[in-house]
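Here is the structure we will look at, set down as structure tokens.
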Amino acid sequence: MTGAAKGDSLYARYMKAFQASTAHTSGCPACQASAECAVGAPIHERFARLQDAYRRLQAEQKRF
Ligand SMILES: [Zn+2]
């Protein structure tokens, strides 16, 4: 396994979390109003964590 493959897998998980978050929000008035519901909270939290991890990985790669 290479570092690139690991990055791809993180990106894939990030994209999946983004889609799950967007899909939930599009059908949830509470989350649309930024008042996260009990179902949406862990979905949005997971997306935020993966987004953070992915951005950190990108920042690291830009240094080379
Ligand atoms: Zn919701």
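By order of appearance in the structure tokens: chains A, B, ..., then residues from 1 within every chain, and ligands from 1 in the order shown.
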
Which residues are near ligand 1 in this structure, taking near to mean any atom at most 9 Å from a ligand atom and counting only C-alpha atoms and all ligand atoms? Format them as a PyMOL selection string. chain A and resi 21+24-32+34-41+43-44

List as a PDB file with all heavy atoms, in the first residue's frame the protein and nucleic acid residues near region 45-59 of chain A, meaning an atom at most 7 Å away when only C-alpha atoms are counted, but skip any in the same chain fewer than 5 places from it.
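File produced: around_20.pdb:
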ATOM      1  N   LEU A  10      -9.123   7.921   1.854  1.00  0.00           N
ATOM      2  CA  LEU A  10      -9.631   9.002   2.700  1.00  0.00           C
ATOM      3  C   LEU A  10     -10.549   9.904   1.892  1.00  0.00           C
ATOM      4  O   LEU A  10     -11.616  10.293   2.355  1.00  0.00           O
ATOM      5  CB  LEU A  10      -8.467   9.808   3.288  1.00  0.00           C
ATOM      6  CG  LEU A  10      -8.870  11.065   4.091  1.00  0.00           C
ATOM      7  CD1 LEU A  10      -9.663  10.692   5.325  1.00  0.00           C
ATOM      8  CD2 LEU A  10      -7.645  11.859   4.485  1.00  0.00           C
ATOM      9  N   TYR A  11     -10.136  10.202   0.651  1.00  0.00           N
ATOM     10  CA  TYR A  11     -10.950  11.047  -0.223  1.00  0.00           C
ATOM     11  C   TYR A  11     -12.298  10.385  -0.509  1.00  0.00           C
ATOM     12  O   TYR A  11     -13.340  11.051  -0.508  1.00  0.00           O
ATOM     13  CB  TYR A  11     -10.200  11.307  -1.536  1.00  0.00           C
ATOM     14  CG  TYR A  11     -10.981  12.174  -2.498  1.00  0.00           C
ATOM     15  CD1 TYR A  11     -11.134  13.544  -2.246  1.00  0.00           C
ATOM     16  CD2 TYR A  11     -11.584  11.627  -3.621  1.00  0.00           C
ATOM     17  CE1 TYR A  11     -11.866  14.339  -3.112  1.00  0.00           C
ATOM     18  CE2 TYR A  11     -12.318  12.423  -4.489  1.00  0.00           C
ATOM     19  CZ  TYR A  11     -12.462  13.772  -4.233  1.00  0.00           C
ATOM     20  OH  TYR A  11     -13.191  14.563  -5.080  1.00  0.00           O
ATOM     21  N   TYR A  14     -14.415  10.693   2.484  1.00  0.00           N
ATOM     22  CA  TYR A  14     -14.796  12.097   2.614  1.00  0.00           C
ATOM     23  C   TYR A  14     -15.964  12.418   1.676  1.00  0.00           C
ATOM     24  O   TYR A  14     -16.944  13.053   2.071  1.00  0.00           O
ATOM     25  CB  TYR A  14     -13.561  12.957   2.325  1.00  0.00           C
ATOM     26  CG  TYR A  14     -13.790  14.413   2.023  1.00  0.00           C
ATOM     27  CD1 TYR A  14     -14.588  15.204   2.847  1.00  0.00           C
ATOM     28  CD2 TYR A  14     -13.179  15.011   0.933  1.00  0.00           C
ATOM     29  CE1 TYR A  14     -14.783  16.556   2.564  1.00  0.00           C
ATOM     30  CE2 TYR A  14     -13.355  16.352   0.647  1.00  0.00           C
ATOM     31  CZ  TYR A  14     -14.160  17.123   1.455  1.00  0.00           C
ATOM     32  OH  TYR A  14     -14.346  18.442   1.178  1.00  0.00           O
ATOM     33  N   ALA A  17     -19.146  10.729   2.890  1.00  0.00           N
ATOM     34  CA  ALA A  17     -19.698  11.447   4.043  1.00  0.00           C
ATOM     35  C   ALA A  17     -20.356  12.748   3.588  1.00  0.00           C
ATOM     36  O   ALA A  17     -21.395  13.154   4.119  1.00  0.00           O
ATOM     37  CB  ALA A  17     -18.592  11.738   5.056  1.00  0.00           C
ATOM     38  N   PHE A  18     -19.753  13.405   2.588  1.00  0.00           N
ATOM     39  CA  PHE A  18     -20.314  14.638   2.044  1.00  0.00           C
ATOM     40  C   PHE A  18     -21.679  14.363   1.418  1.00  0.00           C
ATOM     41  O   PHE A  18     -22.645  15.103   1.652  1.00  0.00           O
ATOM     42  CB  PHE A  18     -19.356  15.216   0.989  1.00  0.00           C
ATOM     43  CG  PHE A  18     -19.948  16.353   0.194  1.00  0.00           C
ATOM     44  CD1 PHE A  18     -20.152  17.590   0.782  1.00  0.00           C
ATOM     45  CD2 PHE A  18     -20.293  16.166  -1.133  1.00  0.00           C
ATOM     46  CE1 PHE A  18     -20.715  18.638   0.040  1.00  0.00           C
ATOM     47  CE2 PHE A  18     -20.846  17.197  -1.875  1.00  0.00           C
ATOM     48  CZ  PHE A  18     -21.060  18.432  -1.288  1.00  0.00           C
ATOM     49  N   SER A  21     -24.250  13.601   4.138  1.00  0.00           N
ATOM     50  CA  SER A  21     -24.613  14.836   4.836  1.00  0.00           C
ATOM     51  C   SER A  21     -25.556  15.685   3.978  1.00  0.00           C
ATOM     52  O   SER A  21     -26.570  16.181   4.473  1.00  0.00           O
ATOM     53  CB  SER A  21     -23.333  15.615   5.175  1.00  0.00           C
ATOM     54  OG  SER A  21     -23.636  16.843   5.787  1.00  0.00           O
TER      55      SER A  21
END

Let's see if you can do this: from backbone DSSP, list all helix (DSSP H, G or I) residues in chain A, as a ChimeraX atom specification. /A:3-26,29-32,40-62
